[in-house]
Amino acid sequence: MTLLTRAGAASILRLAVVGHTNTGKTSLLRTLTRDPCFGQVQDSPGTTRHVEGARLALETGQAIELYDTPGVEDGMGLLDYLDQLSPPSQRQEGPDRIAAFLDSPESTRRFEQEARVLRKLLACDAGLYVIDVRDPILGKHRDELTVLGLCGRPLLPVLNFINSPRQRADEWRTALSRLGLHAAVEFDSVAPEIDGEARLYDKLALMLDTRNELLQAVKNDVLQQQAIRRDDALRMVADLLVDVAALRLASQPDQASVESTSGKLRDQVRQREEACVRELLQRYNFRSEDFAQHALPLQGERWGMDLFHPQALKDMGVHVGKGMAAGAMAGVTVDLFTAGMSLGAAALVGAMAGGLWQGVDRLGKRVMGRLQGYRELSVDDAVLRLLALRQLALVDALQRRGHAAQAPITLDADSAIDTPARQALRSGKLPEELTEARSQPRWASVSPDHEDSPRREEVVRSLAGRLAA
Amino acid sequence: MSTGGSFRQAWLAETVRLREAHWGPLQDSTEVRRARAEGGTFSERILRRAAFLGRREKLDTTLQHWAQIARWSLIAMLALAVLTGAGTGLGALGDGTRPVNLLLALAAMLGLHALTLVLWLAGLGIRTNGNGAWLGRLWLSATQKLARGPDTALAPRALAGLLGRNGALRWSLGAVSHLLWLTALLSLLATLLAMLSTRRYAFNWETTLLSPDTFVSLIQAIGWLPARIGFDMPPATTIRISDGLTLLPEGSHALWSSWLIGCVVAYGVFPRLVAFAASIFQARRGIRALGVLDTSLPGYALLRPRLMPPSEGIAPDAPDGPTPQAQVRPLALDASAAGEPLVVGLELPPDTAWPPPGLPAGVQNAGVVDNRGQRHALLDHLHAHPVPRLLVICDSYQTPDRGALAYIAELAAYAQETRVSFTATETQPGPAVDDSRMDAWRRQLQAAGIPTSQIHASLATALRWLKDAP
């Protein structure tokens, strides 16, 4: 481990994730590590049977090590046994009692799982005590906390499943205070708050003030990575939109060819959207091949609607000015052939000023197309807006999704944060970047004569910035 | 084009990126692992991965090959420029049999140059790449045509993309353009000097439409700048009489040659030299800035989770141990269990209604057992007074754990028959119990030795059984 030797052990903070069985310890680990494949998650007791860790490393070489432990299931029995090993009348210190237990025969038999937990907690700097706040506070939880408390390590209660209607968070807080645990943090491992992780590390920093610096660094890294992920995602969406806006297919003028070409156009757009979704999932570390649950939300009836179905527009709240074509031509605009040469004045000057021959080879095509009365098919403005809204909703959903989530990704058009960019997409006209992309058929990466120009990159960037607003 | 290490690295990385963007991702697990093992920032890892992949895919030699061809084609074009310049000079002066028409000669020598220079200057105002630097573009496409191979098309595109991003492309192509023009103009100048030194030329101007005064002022205006530099300019009288009709005094042809050469220097060589210097300066500045990799480019976003994984796994402490399993050993049927049947709630939420509604008379109510004291008290009681039938009521919202099952097994040892039922299904309003929790209870109880027939999802049937065994 070059990392370890370089940084030294002092810059590593070890945290044991402990708690009653089936409270979501492994889920918490998955969400904190953004690794949907970490351990095993199942709604049943004793799914995790060993201690497994993950390291969150910073660029500076500092790191946090998180250890997932088996659930404590028999706290009461263990406390009985501890009393038997060293009766309270002997007034032994907690860690000594734990040490005596770890040497006892039952630590390898009836309390084998509990022994693993305690051994790990002793080796760590602090523990995160995960609570399923839907559970009532019972004697076994108190006994369990007593046993864990004997290790002499600070414990930060993590209130999981806080969004459930059956949650008893307030009862838990009161009960925890009575046990001397006054700090607690709410963190839903399946649907964490956007700033949930940051708050978790803040609370830990308060508790472990000597490790404050490291925890702040981790927190800042978490926030920074979150921002980078969002920027990346918005750029992917912008790239998709520019691609689709620029896409133009030439077709012979008769109705049959126009219809078959429009089918082709729609297929290309669907495939491009699918590719974008796949990239987004990958960027957010949700891998569809690892998890059927993370499958593409486009497939089947997941999103309910095909991109080109007029109902999909209504569902996303996209206002359509003029009546949209339906049936075979839905979502497709047909124009006279221009090959995107409807240039503005600036582009014309630019073309004159040097890039003339760029146009020359296209000029032939264009003149031929004109002469033969070709039509040109492109994607309707409304569909572009729908595409943008859908992808933005997906980015939001991924941003909020915990890596422990097992339910399929769902997009909620109504609950989406209503930013000015989205309002504009819903009602207004296209962003100017997309209008520019419309006149640049070569910008479409799916088109055979695609040319990646720096101007395209600029447009993608500026569009991504607009979508973030 | 300088071939600094960081520039080459950035070029290679861009080539790999473009290649992957067009032909799909390369199989790179080894390279990613190696890049990750060496640590460093995200950009360093990208460059390292690109270097490994470039070596594997022989992209680095492709780039080298391309750079070589680019160099040769530039040399060829420079040679062509020398020839063109000389040819233009010769053409403009003619063979000396006819007097040289001053303005036509000047237009032939500087016309195209002036036009392209003006277009280039105009193109500076527009934020697109390489406008007006069409000689540079020509060089780029000539190289592209000459360099053959599967990935050679990538090299210039990567270069253009890389340089285009921070505006270095227009300056680089501009520099190439200006260099070619400069060469041509210098060759033209040399030709002029050589021809004018070794041959006798007569100069005049001709017009049908314009007045001689216009010519005088025109020539003087054109000659203003060369005069500043120190070239001798013909005086107004000499200009006026150089109409091709009057015999010129001695030395006036030398004056005209000086005017012509001065014009080529002042309007040809000098502006191109300035433009070339400016372009080279800007291009170098742009290329130096390439050392910082732009990690926001499309392909890199997907590399981040792999090159900078949010977490690395740490291996488990030890293999999974055996699961200890509590076993129910019911009281023998012939043992004395004279007491009334008993019902107990195990670890029920404090807000559960207790005793359960519909509890029949003649049944002992042991209450809800939660903490250790209560557990021990009930065990002591049952030890003293075993019961024929025992009903344990659990909360099916909770997860069954080993502690609860072990206690149920302990209790069951003092009853001839033990059954389990649940509260949550009927008594509590709210969301229905997850089937998975119910299944977990069934599975765990069965493993402990309580068959499905003794587990009642419905509390009412369980209470009926408690009252009078079937």
# chains A, B, ... in the order shown; residues from 1 in each chain; ligands from 1
call {"tool": "residues_around", "arguments": {"residues": "Asp401 of chain B", "least_positions_apart": "2", "cutoff": "7 Å", "atoms": "only C-alpha atoms", "output": "PyMOL selection string"}}
result
(chain A and resi 21+45+73) or (chain B and resi 399+403-405)
call {"tool": "write_last_selection", "arguments": {"atoms": "N, CA, C and O atoms", "output": "compact mmCIF listing (two decimals), in the first residue's frame"}}
result
# COMPACT_ATOMS: atom_id res chain seq x y z
N THR A 21 -29.37 -5.96 14.05
CA THR A 21 -29.42 -6.62 12.76
C THR A 21 -30.48 -5.97 11.86
O THR A 21 -31.48 -5.45 12.34
N PRO A 45 -32.57 -10.77 8.61
CA PRO A 45 -31.52 -10.63 9.62
C PRO A 45 -30.26 -11.38 9.23
O PRO A 45 -30.32 -12.35 8.48
N GLU A 73 -27.27 -9.21 17.38
CA GLU A 73 -28.60 -9.81 17.45
C GLU A 73 -28.96 -10.25 18.85
O GLU A 73 -30.12 -10.44 19.18
N THR B 399 -37.56 -7.17 12.72
CA THR B 399 -36.82 -8.29 12.15
C THR B 399 -36.57 -9.32 13.25
O THR B 399 -36.14 -8.94 14.34
N GLY B 403 -31.44 -13.25 19.38
CA GLY B 403 -31.78 -13.07 20.79
C GLY B 403 -33.23 -13.45 21.05
O GLY B 403 -33.54 -14.22 21.97
N ALA B 404 -34.14 -12.92 20.21
CA ALA B 404 -35.56 -13.20 20.40
C ALA B 404 -35.85 -14.68 20.21
O ALA B 404 -36.60 -15.29 20.98
N LEU B 405 -35.24 -15.26 19.18
CA LEU B 405 -35.50 -16.68 18.90
C LEU B 405 -34.97 -17.56 20.02
O LEU B 405 -35.63 -18.54 20.42
call {"tool": "closest_atom_pairs", "arguments": {"of": "chain B", "to": "chain A", "cutoff": "8 Å", "atoms": "only C-alpha atoms", "output": "tab-separated table"}}
result
residue	atom	partner	partner_atom	distance
B:Gly39	CA	A:Leu3	CA	7.9
B:Gly40	CA	A:Glu59	CA	6.8
B:Thr41	CA	A:Glu59	CA	6.4
B:Leu119	CA	A:Ala353	CA	5.4
B:Trp120	CA	A:Ala353	CA	6.9
B:Ala122	CA	A:Ala353	CA	7.2
B:Gly123	CA	A:Ala353	CA	5.9
B:Ile126	CA	A:Gly350	CA	6.7
B:Thr128	CA	A:Arg455	CA	7.0
B:Asn129	CA	A:Pro454	CA	7.9
B:Gly130	CA	A:Gly354	CA	7.6
B:Asn131	CA	A:Gly354	CA	4.7
B:Gly132	CA	A:Gly354	CA	4.3
B:Ala133	CA	A:Gly354	CA	6.9
B:Trp134	CA	A:Gly354	CA	6.0
B:Gly161	CA	A:Pro454	CA	6.3
B:Gly164	CA	A:Pro454	CA	5.8
B:Arg165	CA	A:Pro454	CA	5.8
B:Ser296	CA	A:Asp232	CA	6.9
B:Pro298	CA	A:Met236	CA	7.0
B:Ala301	CA	A:Asp232	CA	5.8
B:Leu302	CA	A:Arg283	CA	5.5
B:Arg304	CA	A:Arg283	CA	7.8
B:Pro305	CA	A:Arg283	CA	6.7
B:Pro310	CA	A:Thr33	CA	6.0
B:Ser311	CA	A:Leu56	CA	4.6
B:Glu312	CA	A:Arg55	CA	5.1
B:Gly313	CA	A:Ala54	CA	4.2
B:Ile314	CA	A:Gly53	CA	4.5
B:Ala315	CA	A:Glu52	CA	5.9
B:Pro316	CA	A:Glu52	CA	4.3
B:Asp317	CA	A:Val51	CA	5.5
B:Ala318	CA	A:His50	CA	6.6
B:Pro319	CA	A:His50	CA	6.8
B:Asp320	CA	A:Arg49	CA	5.5
B:Gly321	CA	A:Arg49	CA	7.4
B:Pro324	CA	A:Arg110	CA	5.8
B:Glu347	CA	A:Leu138	CA	6.5
B:Leu348	CA	A:Pro136	CA	7.8
B:Pro349	CA	A:Pro136	CA	5.2
B:Pro350	CA	A:Pro136	CA	7.4
B:Asp370	CA	A:Gly139	CA	5.4
B:Asn371	CA	A:Gly139	CA	4.4
B:Arg372	CA	A:Met76	CA	6.6
B:Tyr397	CA	A:Asp135	CA	7.7
B:Gln398	CA	A:Asp135	CA	6.4
B:Thr399	CA	A:Pro45	CA	6.3
B:Pro400	CA	A:Pro45	CA	6.7
B:Asp401	CA	A:Glu73	CA	5.2
B:Arg402	CA	A:Glu73	CA	5.4
B:Gly403	CA	A:Asp74	CA	4.1
B:Ala404	CA	A:Asp74	CA	7.7
B:Gly430	CA	A:Arg166	CA	7.9
B:Ser436	CA	A:Asp43	CA	6.5
B:Arg437	CA	A:Ser44	CA	6.8
B:Ala440	CA	A:Ser44	CA	6.0
call {"tool": "residues_around", "arguments": {"residues": "Leu225 of chain B", "least_positions_apart": "2", "cutoff": "10 Å", "atoms": "only C-alpha atoms", "output": "PyMOL selection string"}}
result
chain B and resi 220-223+227-231+262-263+265-267
call {"tool": "residues_around", "arguments": {"residues": "Thr191 of chain B", "least_positions_apart": "2", "cutoff": "8 Å", "atoms": "only C-alpha atoms", "output": "ChimeraX atom specification"}}
result
/B:85-86,89-90,187-189,193-195
call {"tool": "write_last_selection", "arguments": {"atoms": "C-alpha atoms", "output": "compact mmCIF listing (two decimals), in the first residue's frame"}}
result
# COMPACT_ATOMS: atom_id res chain seq x y z
CA GLY B 85 7.59 34.04 -54.96
CA ALA B 86 10.35 33.97 -57.54
CA GLY B 89 8.65 38.43 -59.23
CA LEU B 90 9.73 37.37 -62.67
CA SER B 187 11.83 35.02 -52.33
CA LEU B 188 9.97 37.64 -54.34
CA LEU B 189 12.09 40.36 -52.83
CA LEU B 193 16.73 42.65 -56.12
CA ALA B 194 18.51 40.20 -58.37
CA MET B 195 16.59 41.15 -61.48
call {"tool": "atom_distance", "arguments": {"atom1": "atom CA of Thr152 of chain B", "atom2": "atom CA of Pro448 of chain A"}}
result
18.3 Å
call {"tool": "residues_around", "arguments": {"residues": "segment 449-463 of chain B", "least_positions_apart": "5", "cutoff": "8 Å", "atoms": "only C-alpha atoms", "output": "ChimeraX atom specification"}}
result
/B:327-328,358-360,391,418-423,425-426,442
